[in-house]
Structure formats: C-alpha cells, structure tokens
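entry.txt (compact mmCIF, C-alpha atoms) appears below.
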# COMPACT_ATOMS: atom_id res chain seq x y z
CA MET S 21 14.52 62.03 56.92
CA ASN S 22 10.95 61.35 56.22
CA SER S 23 11.30 62.92 52.78
CA GLN S 24 14.28 60.70 52.04
CA LEU S 25 12.23 57.62 52.92
CA SER S 26 9.33 58.70 50.80
CA GLY S 27 11.70 59.51 47.88
CA PHE S 28 13.33 56.07 48.29
CA ALA S 29 9.91 54.35 48.39
CA GLU S 30 8.85 56.28 45.31
CA LEU S 31 12.06 55.30 43.53
CA GLN S 32 11.57 51.68 44.59
CA TYR S 33 7.96 51.76 43.34
CA ARG S 34 9.01 53.22 39.96
CA LEU S 35 11.81 50.64 39.62
CA LEU S 36 9.38 47.79 40.35
CA LYS S 37 6.91 49.18 37.81
CA LEU S 38 9.70 49.50 35.20
CA GLU S 39 10.87 45.90 35.78
CA THR S 40 7.29 44.63 35.38
CA GLN S 41 6.91 46.54 32.11
CA ASN S 42 10.28 45.19 30.93
CA ARG S 43 9.21 41.55 31.63
CA GLN S 44 5.90 42.13 29.80
CA LEU S 45 7.76 43.65 26.84
CA LYS S 46 10.14 40.64 26.69
CA ARG S 47 7.20 38.22 26.77
CA LEU S 48 5.39 40.19 24.05
CA GLY S 49 8.56 40.24 21.92
CA ALA S 50 9.06 36.48 22.33
CA ALA S 51 5.41 35.81 21.42
CA ALA S 52 5.69 38.09 18.36
CA LEU S 53 8.87 36.29 17.28
CA ILE S 54 7.15 32.87 17.62
CA VAL S 55 4.13 34.09 15.60
CA VAL S 56 6.30 35.54 12.83
CA THR S 57 8.47 32.38 12.66
CA SER S 58 5.36 30.16 12.55
CA LEU S 59 3.88 32.24 9.72
CA VAL S 60 7.11 32.00 7.74
CA VAL S 61 7.35 28.23 8.25
CA MET S 62 3.67 27.57 7.50
CA GLY S 63 3.61 30.02 4.60
CA GLN S 64 6.16 28.08 2.57
CA ALA S 65 4.65 26.43 -0.50
CA PRO S 66 4.67 22.63 -0.30
CA SER S 67 7.33 21.26 -2.60
CA LYS S 68 6.34 18.71 -5.23
CA LYS S 69 8.33 15.55 -4.80
CA THR S 70 9.07 12.93 -7.42
CA VAL S 71 10.29 9.48 -6.53
CA GLU S 72 12.11 7.68 -9.30
CA ALA S 73 13.27 4.10 -9.22
CA ASN S 74 13.90 1.13 -11.51
CA GLU S 75 11.85 -1.12 -9.26
CA PHE S 76 9.59 -0.99 -6.22
CA ILE S 77 9.50 -4.04 -3.95
CA LEU S 78 6.91 -4.80 -1.25
CA ARG S 79 8.09 -7.22 1.45
CA ASP S 80 6.15 -8.91 4.26
CA ASP S 81 7.23 -8.95 7.92
CA SER S 82 9.51 -11.95 7.24
CA GLY S 83 11.36 -10.10 4.48
CA ASN S 84 9.83 -12.15 1.64
CA ILE S 85 8.97 -10.33 -1.59
CA ARG S 86 5.17 -10.20 -1.96
CA ALA S 87 4.86 -7.70 -4.85
CA ARG S 88 7.07 -5.93 -7.40
CA LEU S 89 6.51 -3.03 -9.77
CA PHE S 90 9.21 -2.96 -12.46
CA MET S 91 10.05 -2.53 -16.14
CA THR S 92 10.62 -5.65 -18.21
CA ALA S 93 13.49 -5.95 -20.69
CA LYS S 94 13.00 -6.13 -24.45
CA THR S 95 12.97 -9.80 -25.49
CA THR S 96 12.51 -11.77 -28.70
CA THR S 97 11.34 -15.38 -28.67
CA THR S 98 9.12 -17.86 -30.47
CA MET S 99 5.86 -19.06 -29.02
CA THR S 100 3.43 -21.80 -29.87
CA ILE S 101 -0.19 -20.71 -29.69
CA PRO S 102 -2.76 -23.46 -29.19
CA GLY S 103 -4.49 -24.10 -32.48
CA MET S 104 -1.54 -22.99 -34.62
CA ASN S 105 0.86 -25.50 -36.13
CA ILE S 106 3.92 -23.26 -36.52
CA PRO S 107 5.71 -21.41 -33.68
CA VAL S 108 5.31 -17.66 -34.08
CA PRO S 109 8.19 -15.21 -33.50
CA ALA S 110 7.33 -12.59 -30.90
CA THR S 111 9.17 -9.48 -29.72
CA PHE S 112 8.18 -7.99 -26.39
CA ASN S 113 9.06 -4.34 -25.79
CA PRO S 114 9.83 -3.11 -22.27
CA LYS S 115 6.67 -2.45 -20.27
CA ALA S 116 5.61 -1.69 -16.74
CA THR S 117 4.74 -4.91 -14.92
CA PHE S 118 3.20 -5.61 -11.52
CA SER S 119 3.93 -9.09 -10.11
CA LEU S 120 2.38 -10.76 -7.07
CA TYR S 121 4.21 -13.47 -5.10
CA ASP S 122 2.97 -16.18 -2.75
CA GLU S 123 4.39 -16.91 0.70
CA LYS S 124 7.04 -19.21 -0.86
CA GLY S 125 8.33 -16.47 -3.17
CA GLN S 126 6.77 -17.96 -6.31
CA VAL S 127 5.08 -15.65 -8.84
CA SER S 128 1.32 -16.07 -8.45
CA GLY S 129 0.05 -13.27 -10.68
CA VAL S 130 1.20 -10.72 -13.27
CA LEU S 131 -0.46 -7.55 -14.53
CA ASP S 132 0.97 -5.55 -17.42
CA ASP S 133 -0.37 -3.25 -20.12
CA ASP S 134 -1.94 -6.02 -22.20
CA SER S 135 -2.56 -9.04 -19.97
CA VAL S 136 -3.58 -10.33 -16.57
CA THR S 137 -2.35 -13.78 -15.51
CA PHE S 138 -2.97 -15.80 -12.35
CA PHE S 139 -0.71 -18.85 -12.24
CA LYS S 140 -2.24 -20.80 -9.36
CA SER S 141 -5.66 -20.82 -10.98
CA HIS S 142 -4.08 -21.06 -14.48
CA VAL S 143 -6.08 -18.17 -15.90
CA SER S 144 -4.68 -15.68 -18.39
CA LEU S 145 -6.36 -12.78 -20.17
CA GLY S 146 -4.46 -10.89 -22.83
CA GLY S 147 -3.82 -10.45 -26.51
CA GLY S 148 -7.50 -11.00 -27.24
CA LEU S 149 -7.40 -14.47 -25.65
CA LEU S 150 -8.75 -15.93 -22.44
CA THR S 151 -6.78 -19.04 -21.50
CA ILE S 152 -7.86 -21.38 -18.73
CA GLY S 153 -5.40 -24.17 -18.07
CA ASP S 154 -1.67 -24.63 -18.26
CA GLN S 155 0.86 -25.31 -21.04
CA THR S 156 -0.36 -28.90 -21.50
CA SER S 157 -4.16 -28.75 -21.29
CA GLY S 158 -6.95 -26.23 -21.12
CA VAL S 159 -9.33 -23.95 -22.98
CA VAL S 160 -8.54 -20.94 -25.17
CA VAL S 161 -11.34 -18.48 -25.89
CA SER S 162 -10.80 -15.93 -28.67
CA PRO S 163 -13.27 -13.51 -30.25
CA TYR S 164 -14.20 -16.07 -32.97
CA SER S 165 -13.48 -19.50 -31.51
CA VAL S 166 -13.14 -21.76 -28.51
CA GLY S 167 -10.26 -24.22 -28.49
CA LEU S 168 -9.67 -27.22 -26.24
CA PHE S 169 -6.36 -29.04 -25.87
CA ASP S 170 -5.13 -31.82 -23.59
CA GLU S 171 -1.85 -33.15 -22.25
CA GLN S 172 -1.75 -35.87 -24.97
CA GLY S 173 -1.69 -33.21 -27.72
CA PHE S 174 -5.26 -33.62 -29.01
CA GLU S 175 -7.17 -30.44 -29.90
CA ALA S 176 -10.65 -29.33 -30.88
CA THR S 177 -11.73 -25.93 -32.17
CA LEU S 178 -15.28 -24.66 -32.32
CA GLY S 179 -15.45 -21.56 -34.53
CA ARG S 180 -13.07 -19.90 -36.96
CA ARG S 181 -9.90 -21.82 -37.66
CA ALA S 182 -7.30 -21.60 -40.42
CA LEU S 183 -6.54 -25.01 -41.94
CA VAL S 184 -3.66 -25.75 -44.31
CA THR S 185 -4.19 -28.45 -46.93
CA PRO S 186 -0.92 -30.46 -46.86
CA ARG S 187 -1.01 -31.45 -50.55
CA THR S 188 -1.56 -27.98 -51.97
CA GLY S 189 -0.39 -25.71 -49.15
CA GLU S 190 -3.66 -23.81 -49.53
CA THR S 191 -5.01 -22.13 -46.37
CA GLN S 192 -8.73 -22.23 -45.77
CA THR S 193 -10.44 -20.40 -42.91
CA ARG S 194 -13.31 -22.39 -41.41
CA SER S 195 -16.44 -20.44 -40.41
CA ALA S 196 -17.65 -19.70 -36.89
CA ALA S 197 -20.12 -22.59 -37.32
CA SER S 198 -17.40 -25.25 -37.74
CA LEU S 199 -15.91 -27.86 -35.45
CA VAL S 200 -12.45 -29.26 -36.19
CA MET S 201 -10.62 -31.98 -34.21
CA PHE S 202 -6.89 -32.71 -34.38
CA ASP S 203 -4.73 -35.63 -33.29
CA LYS S 204 -1.50 -35.23 -31.35
CA ASN S 205 0.42 -34.64 -34.61
CA LYS S 206 -1.91 -31.72 -35.48
CA ASN S 207 -3.58 -33.68 -38.32
CA VAL S 208 -7.31 -33.14 -38.83
CA ILE S 209 -9.15 -36.26 -37.64
CA TRP S 210 -12.68 -34.86 -37.94
CA LYS S 211 -14.37 -31.67 -39.11
CA ALA S 212 -17.88 -30.37 -39.64
CA PRO S 213 -19.16 -28.83 -41.84
Represent the structure from my file as structure tokens, please.
Amino acid sequence: MNSQLSGFAELQYRLLKLETQNRQLKRLGAAALIVVTSLVVMGQAPSKKTVEANEFILRDDSGNIRARLFMTAKTTTTMTIPGMNIPVPATFNPKATFSLYDEKGQVSGVLDDDSVTFFKSHVSLGGGLLTIGDQTSGVVVSPYSVGLFDEQGFEATLGRRALVTPRTGETQTRSAASLVMFDKNKNVIWKAP
C-alpha cells in the first residue's frame, strides 16, 4: 500500500509539474502573439494622405467665420485707377485667396497671389501699387510717382504721369521731377515743370 501511495504522489507531482509547464507555454505563446501582432501593426508604412476641398473655413467658438481659403471665380470688369482718366477693363483669373474676417463677419483682410489688402486700415499692396486710403481719398505710391486724391475729386501727382492734350489728343509723359494738379473734372489746374 505504501508503494501505491508513493506512485500516486509521484503521479500527482508529475501532473502538477506538467500543468505548470502548460500555463507557462500558454503565457509564452500569448506574449509571442502580442509581439508579432505589434510588429506587423507598427511595421506598416504610413500612408500619405491628401485632403482636397473647394474651400476651407475657420470658425470661432460662436460659429462665426474668421478665415477662408478658397479659389476665386474668373471675372471681367472695368476699374478706375487713381490718376487715370479712363476706366480700364480688367480680367481676373481664378486664384487662391485667403480672407480674414472680423467678429461681425465683415472681410478685414485679403491675401492672394499678387496683393495684400487690409480694409480696416485701408491699406492695399499689389499690382506694383501701395494704396493708403479708401475709394474716395488717399495716397497711391507706384514705382515712379506718388498720387494724392480726395473725396471732392481733386488729385495731385508727383512723378511720372501721362497727360493727354485735349485739343490734339497727344499723350505726353511727365518726368519723375514733375508735379501735376487736377480739378474734380480731371482737368490740369497746375503743373511744374
């Protein structure tokens, strides 16, 4: 009977040892599976992502638009440039434009490929001109002249200026050393030299 007890104890000891090995093997297998899965997931190449849209809008916490990035439409119009007597036709091709808005939703600034404009301070830079003022009065600085204009329509140009002689239709370009003043009807009221 003693040999049966010792055989049973030995069998119980071997079974306990086998169960311990089995648990360790399961843990090792689970750890190996986690490592292999992690390597596969981390080893994937990051994909390049492209975001395409017609317009991007930035809103504040209240839902008001504060900035927009968008493409303008092609437009054709006429524009009057200070210092020129005849409106000039202008065609604007589509271009990327970034607009800033104030807290009331009014446009306060625009940046595009050829100009920067801030409406509240009435400053515009583009097309070779720096304009300070609004549509009715201000200063226009170009590479060869400085022009002043007021809300009554009077103008003065210091520097190069094309003048048309009404009788002959001849155009004469004044030098950078000239000063020309115009009345509200764009008639020359004074010039030097």
Pick from S:Leu131, S:Ser195, S:Pro213, S:Ile101, whichever lies nearest to Val159 of chain S using all atoms listed in the file: S:Ile101
query: Could you state the separation of atom CA of Phe112 of chain S and atom CA of Thr95 of chain S in Å, given to one decimal place?
result: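 These two atoms are separated by 5.2 Å.
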Atom-to-atom span, atom CA of Asn207 of chain S and atom CA of Thr188 of chain S, Å: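 Atom-to-atom, atom CA of Asn207 of chain S and atom CA of Thr188 of chain S are spaced 14.9 Å apart.
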message: So that I can see what lies close to Arg194 of chain S, please list as a list of chain:residue names the residues with an atom at most 7 Å from it, counting only C-alpha atoms and leaving out residues fewer than 4 positions away in the same chain.
response: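 Near neighbours after the sequence-gap exclusion: S:Arg180, S:Arg181, S:Ala182, S:Ser198.
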Interatomic distance, atom CA of Ser165 of chain S to atom CA of Ser119 of chain S (Å, one decimal): 29.5 Å
message: Can you pull out the residues contacting segment 137-146 of chain S? Cut-off 12 Å, using all atoms listed in the file, and skip same-chain residues under 5 positions away; I want them as a list in words.
response: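 In the requested form, the answer reads Thr117, Phe118, Ser119, Leu120, Tyr121, Asp122, Gln126, Val127, Ser128, Gly129, Val130, Leu131, Asp132, Thr151, Ile152, Gly153, Asp154, Gln155, Thr156, Ser157, Gly158, Val159, Val160, Val161, Ser162 and Pro163 of chain S.
If you measure from each of S:Pro66, S:Ile106, S:Ile77, S:Glu175 to Lys211 of chain S using only C-alpha atoms, the closest one turns out to be S:Glu175.
Each of S:Arg43, S:Arg187, S:Lys124, S:Arg34 was checked against Ile85 of chain S using only C-alpha atoms; the smallest atom-to-atom distance is that of S:Lys124.
Within 6 Å of Val200 of chain S, once all atoms listed in the file are used and residues closer than 4 positions along the same chain are dropped, the contacting residues are S:Ala176, S:Thr177, S:Trp210, S:Lys211.
Using only C-alpha atoms, the smallest distance between any of S:Gly179, S:Gly27, S:Gly63, S:Gly125 and Leu78 of chain S comes from S:Gly125.
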- prompt: If we count only C-alpha atoms, what is near Asn113 of chain S at a cut-off of 10 Å, once residues fewer than 6 positions away on the same chain are taken out, given as a list of chain:residue names?
  reply: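 Non-adjacent residues within range: S:Met91, S:Thr92, S:Ala93, S:Lys94, S:Thr95, S:Thr96.
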With 3 Å of padding per side, what axis-aligned box (centre and edge lengths, Å, one decimal) covers all the listed atoms of segment 25-40 of chain S? Give it as JSON.
{"center_x": 10.1, "center_y": 52.1, "center_z": 44.1, "size_x": 12.4, "size_y": 20.9, "size_z": 23.7}
